[in-house]
Amino acid sequence: MQDQRALHNPYTDYNGPESTQDLFDAQGNLTAAFSARIRGKIGELLSVMENGLRSADPRDCTGYTGWAGIALLYLHLHSVHGDPSFLHRALDHVSQSLKCLTHSALTFLCGDVGPLAVAAVVYHRLQRPQESDECIDRVLQLHGAVVKGSGRLPNELLYGRVGYLYSLVFINQQLQQERVPLQYIQQVCDAVLASGQSLAQRMRVEDRTPLMYEWYQEQYVGAAHGLSGIYYYLMQPGFVSDPHRVVALVKPSVDFVCRLKFPTGNFPPCVGDDRDLLVHWCHGSPGVIYMLLQAYKMFGGPQYLQDALRCGEVVWQRGLLKKGYGLCHGAAGNAYCFLSLYKLTQDPRHLYRACTFADWCMNYGKHGCRTPDTPFSLFEGMAGTIYFLSDMLQPMAAKFPAFEV
């Protein structure tokens, strides 16, 4: 049955080394020709994006649809290509972002913390340590509010605690030093665990899952608002202060999510929703796969890897979306599934599939897809596609932006 939300996948699947000879060699290095094509398309799309951004909302500071997301793209391009002009473009865009902070949301993608964290890294690379430190201090000043929080503070990635947590991890990883003490990260994770236990008890589901989370009264499953995104962070080594609690609380909660899988291998958007419709990073297999792979790394257990591989099959069959080429609900975000599988397994099938999705993205605008509300932004639009294409140049280092640690 053809998914009404997806376009037909026109590519033949991996069929041994002869499928890949124009794309990459036996070591997984892209051919000079394919690499040059990607670089050329990145340059072309950047020019279109910059032109389009002239009419973007000057007041949107966020990473998701605003100026911090464009700054993050240029920061990434600087990491990949080393061109100092990219760092100066990152500075331009993050400066715009810092002018329009909301003083409300506490997360990397949808709040002030993302612009501050990105600015801290940009200033650090520009060897402006005082300004970098000021931004980091402003991020850390919000720590107490996140840890104590009120009952109203959610735990998910876009608007909740793990969205703040990612900011702390991002600063440490980008600065390559423990600028944020580990105990800050652990205190956020402990607060997330306490909140999840409390809701599971209130909902009387502890016999099925020790942890439960909701956003606007829905128990979402996917990476953006849901259980799988939260558990992905709680399973990172050292993030939870007591590793026994990861085994006692997180593992059975992950297993609960695994039991929600549809016969197709896809996952529902919410607990109790029986509609097998969405194949997006935000809702469905393309986001749940990161939880499964982390569970496999953390606990072993071949079933986690089997479920992750099934997710990859779902994305191969149904991942070229009519919604377009973006990260949150588009072909670029879905393609990161294949890169995550390739990094773990080294099976060339997954790199091949990522390359075909990259080819699809390089034909940007030619498939009759919808135009997103913010067509040049990081998570909905062209900036996210450019980010993915630049990650294709270094597949073993690729990470889904503002999410993978």
# chains A, B, ... in the order shown; residues from 1 in each chain; ligands from 1

$ residues_around --residues "A:Ser167" --least-positions-apart "3" --cutoff "10 Å" --atoms "only C-alpha atoms" --output "VMD selection string"
chain A and resid 106 to 109 113 to 118 136 139 to 140 162 to 164 170 to 173 180 185 402 to 403

$ residues_around --residues "stretch 291-306 of chain A" --least-positions-apart "6" --cutoff "7 Å" --atoms "only C-alpha atoms" --output "list in words"
Ser228, Gly229, Tyr231, Tyr232 and Met235 of chain A

$ write_last_selection --atoms "all heavy atoms" --output "PDB file, in the first residue's frame"
ATOM      1  N   SER A 228      10.599   8.717  23.178  1.00  0.00           N
ATOM      2  CA  SER A 228      11.851   8.211  22.609  1.00  0.00           C
ATOM      3  C   SER A 228      12.949   9.270  22.653  1.00  0.00           C
ATOM      4  O   SER A 228      14.118   8.947  22.900  1.00  0.00           O
ATOM      5  CB  SER A 228      11.637   7.708  21.177  1.00  0.00           C
ATOM      6  OG  SER A 228      11.258   8.763  20.321  1.00  0.00           O
ATOM      7  N   GLY A 229      12.580  10.529  22.433  1.00  0.00           N
ATOM      8  CA  GLY A 229      13.570  11.599  22.518  1.00  0.00           C
ATOM      9  C   GLY A 229      14.117  11.764  23.925  1.00  0.00           C
ATOM     10  O   GLY A 229      15.323  11.970  24.126  1.00  0.00           O
ATOM     11  N   TYR A 231      14.153   9.373  26.357  1.00  0.00           N
ATOM     12  CA  TYR A 231      14.926   8.194  26.773  1.00  0.00           C
ATOM     13  C   TYR A 231      16.295   8.166  26.097  1.00  0.00           C
ATOM     14  O   TYR A 231      17.268   7.655  26.668  1.00  0.00           O
ATOM     15  CB  TYR A 231      14.146   6.903  26.484  1.00  0.00           C
ATOM     16  CG  TYR A 231      12.822   6.827  27.215  1.00  0.00           C
ATOM     17  CD1 TYR A 231      11.762   6.079  26.721  1.00  0.00           C
ATOM     18  CD2 TYR A 231      12.623   7.538  28.400  1.00  0.00           C
ATOM     19  CE1 TYR A 231      10.544   6.019  27.392  1.00  0.00           C
ATOM     20  CE2 TYR A 231      11.404   7.493  29.062  1.00  0.00           C
ATOM     21  CZ  TYR A 231      10.368   6.740  28.555  1.00  0.00           C
ATOM     22  OH  TYR A 231       9.170   6.694  29.210  1.00  0.00           O
ATOM     23  N   TYR A 232      16.380   8.711  24.887  1.00  0.00           N
ATOM     24  CA  TYR A 232      17.673   8.790  24.196  1.00  0.00           C
ATOM     25  C   TYR A 232      18.700   9.520  25.067  1.00  0.00           C
ATOM     26  O   TYR A 232      19.851   9.089  25.182  1.00  0.00           O
ATOM     27  CB  TYR A 232      17.487   9.510  22.852  1.00  0.00           C
ATOM     28  CG  TYR A 232      18.777   9.880  22.168  1.00  0.00           C
ATOM     29  CD1 TYR A 232      19.577   8.909  21.572  1.00  0.00           C
ATOM     30  CD2 TYR A 232      19.213  11.205  22.125  1.00  0.00           C
ATOM     31  CE1 TYR A 232      20.767   9.241  20.946  1.00  0.00           C
ATOM     32  CE2 TYR A 232      20.397  11.551  21.499  1.00  0.00           C
ATOM     33  CZ  TYR A 232      21.175  10.570  20.917  1.00  0.00           C
ATOM     34  OH  TYR A 232      22.357  10.901  20.311  1.00  0.00           O
ATOM     35  N   MET A 235      19.723   7.648  28.439  1.00  0.00           N
ATOM     36  CA  MET A 235      20.620   6.499  28.247  1.00  0.00           C
ATOM     37  C   MET A 235      22.038   6.902  27.857  1.00  0.00           C
ATOM     38  O   MET A 235      22.884   6.023  27.637  1.00  0.00           O
ATOM     39  CB  MET A 235      20.049   5.560  27.174  1.00  0.00           C
ATOM     40  CG  MET A 235      18.833   4.789  27.624  1.00  0.00           C
ATOM     41  SD  MET A 235      18.316   3.551  26.393  1.00  0.00           S
ATOM     42  CE  MET A 235      17.655   4.601  25.100  1.00  0.00           C
TER      43      MET A 235
END

$ closest_residue --among "A:Ala90, A:Met396, A:Ala119, A:Ala6" --to "A:His280" --atoms "only C-alpha atoms"
A:Ala6

$ closest_atom_pairs --of "stretch 353-391 of chain A" --to "stretch 67-83 of chain A" --cutoff "12 Å" --atoms "only C-alpha atoms" --output "Markdown table"
| residue | atom | partner | partner_atom | distance |
| --- | --- | --- | --- | --- |
| A:Thr374 | CA | A:Trp67 | CA | 11.4 |
| A:Phe376 | CA | A:Ile70 | CA | 8.7 |
| A:Ser377 | CA | A:Ile70 | CA | 6.8 |
| A:Leu378 | CA | A:Gly69 | CA | 5.1 |
| A:Phe379 | CA | A:Gly69 | CA | 7.8 |
| A:Glu380 | CA | A:Gly69 | CA | 10.4 |
| A:Gly381 | CA | A:Ile70 | CA | 10.6 |
| A:Met382 | CA | A:Ile70 | CA | 9.9 |
| A:Ala383 | CA | A:Ile70 | CA | 6.6 |
| A:Gly384 | CA | A:Leu73 | CA | 7.6 |
| A:Thr385 | CA | A:Leu73 | CA | 9.9 |
| A:Ile386 | CA | A:Leu73 | CA | 7.8 |
| A:Tyr387 | CA | A:Leu73 | CA | 5.9 |
| A:Phe388 | CA | A:Leu73 | CA | 9.7 |
| A:Leu389 | CA | A:Leu77 | CA | 10.2 |
| A:Ser390 | CA | A:Leu77 | CA | 7.0 |
| A:Asp391 | CA | A:Val80 | CA | 7.9 |

$ closest_residue --among "A:Leu23, A:Ala194, A:Ala36, A:Leu7" --to "A:Tyr352" --atoms "only C-alpha atoms"
A:Leu23

$ closest_atom_pairs --of "stretch 214-312 of chain A" --to "stretch 321-327 of chain A" --cutoff "10 Å" --atoms "only C-alpha atoms" --output "tab-separated table"
residue	atom	partner	partner_atom	distance
A:Leu278	CA	A:Leu321	CA	9.8
A:Val279	CA	A:Leu321	CA	8.2
A:His280	CA	A:Leu321	CA	8.4
A:Trp281	CA	A:Leu327	CA	7.1
A:Cys282	CA	A:Leu327	CA	8.9

$ atom_distance --atom1 "atom CA of A:Trp316" --atom2 "atom CA of A:Arg275"
19.3 Å

$ closest_residue --among "A:Thr345, A:Ser19, A:Gln219, A:Gln317" --to "A:Glu156" --atoms "only C-alpha atoms"
A:Gln219

$ closest_residue --among "A:Ala308, A:Leu260, A:Ala56, A:Leu46" --to "A:Ile289" --atoms "only C-alpha atoms"
A:Ala308

$ select_by_dssp --residues "stretch 127-323 of chain A" --states "alpha helix (DSSP H)" --output "NGL selection string"
:A and (129-140 or 143-148 or 161-175 or 182-202 or 227-234 or 243-245 or 251-258 or 285-299 or 302-318)

$ closest_residue --among "A:Pro348, A:Gly265, A:Pro375, A:Pro154" --to "A:Thr20" --atoms "only C-alpha atoms"
A:Pro348

$ atom_distance --atom1 "atom CA of A:Leu101" --atom2 "atom CA of A:Leu53"
18.5 Å

$ atom_distance --atom1 "atom CA of A:Tyr342" --atom2 "atom CA of A:Pro286"
14.2 Å

$ closest_residue --among "A:Arg59, A:Lys41, A:Arg125, A:Arg179" --to "A:Phe86" --atoms "only C-alpha atoms"
A:Arg125

$ decode --residues "stretch 94-125 of chain A" --atoms "N, CA, C and O atoms" --output "PDB file, in the first residue's frame"
ATOM      1  N   VAL A  94      23.761  34.916  14.414  1.00  0.00           N
ATOM      2  CA  VAL A  94      23.503  34.744  15.854  1.00  0.00           C
ATOM      3  C   VAL A  94      23.368  36.107  16.532  1.00  0.00           C
ATOM      4  O   VAL A  94      22.620  36.257  17.516  1.00  0.00           O
ATOM      5  N   SER A  95      24.046  37.118  16.015  1.00  0.00           N
ATOM      6  CA  SER A  95      23.890  38.477  16.566  1.00  0.00           C
ATOM      7  C   SER A  95      22.463  38.959  16.361  1.00  0.00           C
ATOM      8  O   SER A  95      21.863  39.575  17.258  1.00  0.00           O
ATOM      9  N   GLN A  96      21.909  38.661  15.174  1.00  0.00           N
ATOM     10  CA  GLN A  96      20.507  38.998  14.901  1.00  0.00           C
ATOM     11  C   GLN A  96      19.596  38.273  15.900  1.00  0.00           C
ATOM     12  O   GLN A  96      18.652  38.845  16.440  1.00  0.00           O
ATOM     13  N   SER A  97      19.919  37.002  16.159  1.00  0.00           N
ATOM     14  CA  SER A  97      19.119  36.200  17.087  1.00  0.00           C
ATOM     15  C   SER A  97      19.148  36.776  18.502  1.00  0.00           C
ATOM     16  O   SER A  97      18.114  36.856  19.180  1.00  0.00           O
ATOM     17  N   LEU A  98      20.332  37.190  18.959  1.00  0.00           N
ATOM     18  CA  LEU A  98      20.472  37.708  20.326  1.00  0.00           C
ATOM     19  C   LEU A  98      19.722  39.022  20.525  1.00  0.00           C
ATOM     20  O   LEU A  98      19.409  39.392  21.661  1.00  0.00           O
ATOM     21  N   LYS A  99      19.394  39.706  19.438  1.00  0.00           N
ATOM     22  CA  LYS A  99      18.657  40.973  19.540  1.00  0.00           C
ATOM     23  C   LYS A  99      17.177  40.753  19.824  1.00  0.00           C
ATOM     24  O   LYS A  99      16.468  41.709  20.157  1.00  0.00           O
ATOM     25  N   CYS A 100      16.696  39.539  19.612  1.00  0.00           N
ATOM     26  CA  CYS A 100      15.235  39.335  19.711  1.00  0.00           C
ATOM     27  C   CYS A 100      14.881  38.144  20.603  1.00  0.00           C
ATOM     28  O   CYS A 100      13.967  37.385  20.306  1.00  0.00           O
ATOM     29  N   LEU A 101      15.625  37.968  21.693  1.00  0.00           N
ATOM     30  CA  LEU A 101      15.327  36.869  22.623  1.00  0.00           C
ATOM     31  C   LEU A 101      13.944  37.056  23.247  1.00  0.00           C
ATOM     32  O   LEU A 101      13.486  38.175  23.448  1.00  0.00           O
ATOM     33  N   THR A 102      13.319  35.933  23.588  1.00  0.00           N
ATOM     34  CA  THR A 102      11.922  35.969  24.060  1.00  0.00           C
ATOM     35  C   THR A 102      11.816  36.073  25.579  1.00  0.00           C
ATOM     36  O   THR A 102      10.778  36.440  26.101  1.00  0.00           O
ATOM     37  N   HIS A 103      12.873  35.678  26.306  1.00  0.00           N
ATOM     38  CA  HIS A 103      12.865  35.639  27.775  1.00  0.00           C
ATOM     39  C   HIS A 103      11.763  34.737  28.318  1.00  0.00           C
ATOM     40  O   HIS A 103      11.201  34.979  29.366  1.00  0.00           O
ATOM     41  N   SER A 104      11.470  33.671  27.542  1.00  0.00           N
ATOM     42  CA  SER A 104      10.467  32.731  28.060  1.00  0.00           C
ATOM     43  C   SER A 104      10.958  31.295  27.940  1.00  0.00           C
ATOM     44  O   SER A 104      11.323  30.688  28.945  1.00  0.00           O
ATOM     45  N   ALA A 105      11.017  30.739  26.733  1.00  0.00           N
ATOM     46  CA  ALA A 105      11.329  29.315  26.590  1.00  0.00           C
ATOM     47  C   ALA A 105      12.778  29.015  26.963  1.00  0.00           C
ATOM     48  O   ALA A 105      13.665  29.845  26.792  1.00  0.00           O
ATOM     49  N   LEU A 106      12.994  27.798  27.468  1.00  0.00           N
ATOM     50  CA  LEU A 106      14.276  27.422  28.076  1.00  0.00           C
ATOM     51  C   LEU A 106      15.051  26.400  27.240  1.00  0.00           C
ATOM     52  O   LEU A 106      15.940  25.746  27.768  1.00  0.00           O
ATOM     53  N   THR A 107      14.729  26.250  25.959  1.00  0.00           N
ATOM     54  CA  THR A 107      15.309  25.136  25.208  1.00  0.00           C
ATOM     55  C   THR A 107      16.198  25.595  24.057  1.00  0.00           C
ATOM     56  O   THR A 107      16.183  26.750  23.646  1.00  0.00           O
ATOM     57  N   PHE A 108      16.944  24.625  23.529  1.00  0.00           N
ATOM     58  CA  PHE A 108      17.883  24.909  22.445  1.00  0.00           C
ATOM     59  C   PHE A 108      17.147  25.292  21.158  1.00  0.00           C
ATOM     60  O   PHE A 108      17.523  26.251  20.490  1.00  0.00           O
ATOM     61  N   LEU A 109      16.103  24.541  20.812  1.00  0.00           N
ATOM     62  CA  LEU A 109      15.464  24.754  19.518  1.00  0.00           C
ATOM     63  C   LEU A 109      14.385  25.831  19.531  1.00  0.00           C
ATOM     64  O   LEU A 109      14.188  26.503  18.517  1.00  0.00           O
ATOM     65  N   CYS A 110      13.687  25.992  20.628  1.00  0.00           N
ATOM     66  CA  CYS A 110      12.519  26.885  20.624  1.00  0.00           C
ATOM     67  C   CYS A 110      12.593  27.968  21.694  1.00  0.00           C
ATOM     68  O   CYS A 110      11.567  28.560  22.041  1.00  0.00           O
ATOM     69  N   GLY A 111      13.776  28.234  22.236  1.00  0.00           N
ATOM     70  CA  GLY A 111      13.893  29.245  23.277  1.00  0.00           C
ATOM     71  C   GLY A 111      15.142  30.087  23.140  1.00  0.00           C
ATOM     72  O   GLY A 111      15.815  30.078  22.107  1.00  0.00           O
ATOM     73  N   ASP A 112      15.455  30.797  24.217  1.00  0.00           N
ATOM     74  CA  ASP A 112      16.625  31.683  24.236  1.00  0.00           C
ATOM     75  C   ASP A 112      17.936  30.926  24.432  1.00  0.00           C
ATOM     76  O   ASP A 112      19.011  31.447  24.122  1.00  0.00           O
ATOM     77  N   VAL A 113      17.856  29.732  24.987  1.00  0.00           N
ATOM     78  CA  VAL A 113      19.072  29.015  25.350  1.00  0.00           C
ATOM     79  C   VAL A 113      19.871  28.610  24.110  1.00  0.00           C
ATOM     80  O   VAL A 113      21.102  28.648  24.111  1.00  0.00           O
ATOM     81  N   GLY A 114      19.175  28.257  23.025  1.00  0.00           N
ATOM     82  CA  GLY A 114      19.858  27.894  21.787  1.00  0.00           C
ATOM     83  C   GLY A 114      20.694  29.033  21.226  1.00  0.00           C
ATOM     84  O   GLY A 114      21.899  28.859  20.970  1.00  0.00           O
ATOM     85  N   PRO A 115      20.095  30.219  21.039  1.00  0.00           N
ATOM     86  CA  PRO A 115      20.898  31.354  20.572  1.00  0.00           C
ATOM     87  C   PRO A 115      22.099  31.645  21.463  1.00  0.00           C
ATOM     88  O   PRO A 115      23.196  31.926  20.963  1.00  0.00           O
ATOM     89  N   LEU A 116      21.922  31.558  22.779  1.00  0.00           N
ATOM     90  CA  LEU A 116      23.029  31.826  23.696  1.00  0.00           C
ATOM     91  C   LEU A 116      24.124  30.768  23.574  1.00  0.00           C
ATOM     92  O   LEU A 116      25.317  31.078  23.579  1.00  0.00           O
ATOM     93  N   ALA A 117      23.714  29.498  23.442  1.00  0.00           N
ATOM     94  CA  ALA A 117      24.697  28.415  23.317  1.00  0.00           C
ATOM     95  C   ALA A 117      25.461  28.518  21.994  1.00  0.00           C
ATOM     96  O   ALA A 117      26.690  28.342  21.955  1.00  0.00           O
ATOM     97  N   VAL A 118      24.736  28.804  20.911  1.00  0.00           N
ATOM     98  CA  VAL A 118      25.397  28.947  19.606  1.00  0.00           C
ATOM     99  C   VAL A 118      26.348  30.148  19.641  1.00  0.00           C
ATOM    100  O   VAL A 118      27.490  30.068  19.165  1.00  0.00           O
ATOM    101  N   ALA A 119      25.894  31.250  20.237  1.00  0.00           N
ATOM    102  CA  ALA A 119      26.743  32.446  20.338  1.00  0.00           C
ATOM    103  C   ALA A 119      28.006  32.148  21.143  1.00  0.00           C
ATOM    104  O   ALA A 119      29.104  32.589  20.777  1.00  0.00           O
ATOM    105  N   ALA A 120      27.864  31.378  22.219  1.00  0.00           N
ATOM    106  CA  ALA A 120      29.024  31.032  23.048  1.00  0.00           C
ATOM    107  C   ALA A 120      30.088  30.319  22.218  1.00  0.00           C
ATOM    108  O   ALA A 120      31.284  30.589  22.360  1.00  0.00           O
ATOM    109  N   VAL A 121      29.635  29.416  21.326  1.00  0.00           N
ATOM    110  CA  VAL A 121      30.580  28.659  20.498  1.00  0.00           C
ATOM    111  C   VAL A 121      31.193  29.548  19.413  1.00  0.00           C
ATOM    112  O   VAL A 121      32.399  29.488  19.144  1.00  0.00           O
ATOM    113  N   VAL A 122      30.368  30.388  18.799  1.00  0.00           N
ATOM    114  CA  VAL A 122      30.874  31.299  17.765  1.00  0.00           C
ATOM    115  C   VAL A 122      31.946  32.218  18.360  1.00  0.00           C
ATOM    116  O   VAL A 122      33.042  32.370  17.803  1.00  0.00           O
ATOM    117  N   TYR A 123      31.642  32.817  19.509  1.00  0.00           N
ATOM    118  CA  TYR A 123      32.616  33.706  20.163  1.00  0.00           C
ATOM    119  C   TYR A 123      33.896  32.943  20.544  1.00  0.00           C
ATOM    120  O   TYR A 123      35.001  33.463  20.413  1.00  0.00           O
ATOM    121  N   HIS A 124      33.719  31.710  21.015  1.00  0.00           N
ATOM    122  CA  HIS A 124      34.879  30.898  21.385  1.00  0.00           C
ATOM    123  C   HIS A 124      35.789  30.678  20.174  1.00  0.00           C
ATOM    124  O   HIS A 124      37.011  30.829  20.271  1.00  0.00           O
ATOM    125  N   ARG A 125      35.185  30.322  19.035  1.00  0.00           N
ATOM    126  CA  ARG A 125      35.991  30.078  17.832  1.00  0.00           C
ATOM    127  C   ARG A 125      36.647  31.366  17.315  1.00  0.00           C
ATOM    128  O   ARG A 125      37.688  31.312  16.674  1.00  0.00           O
TER     129      ARG A 125
END
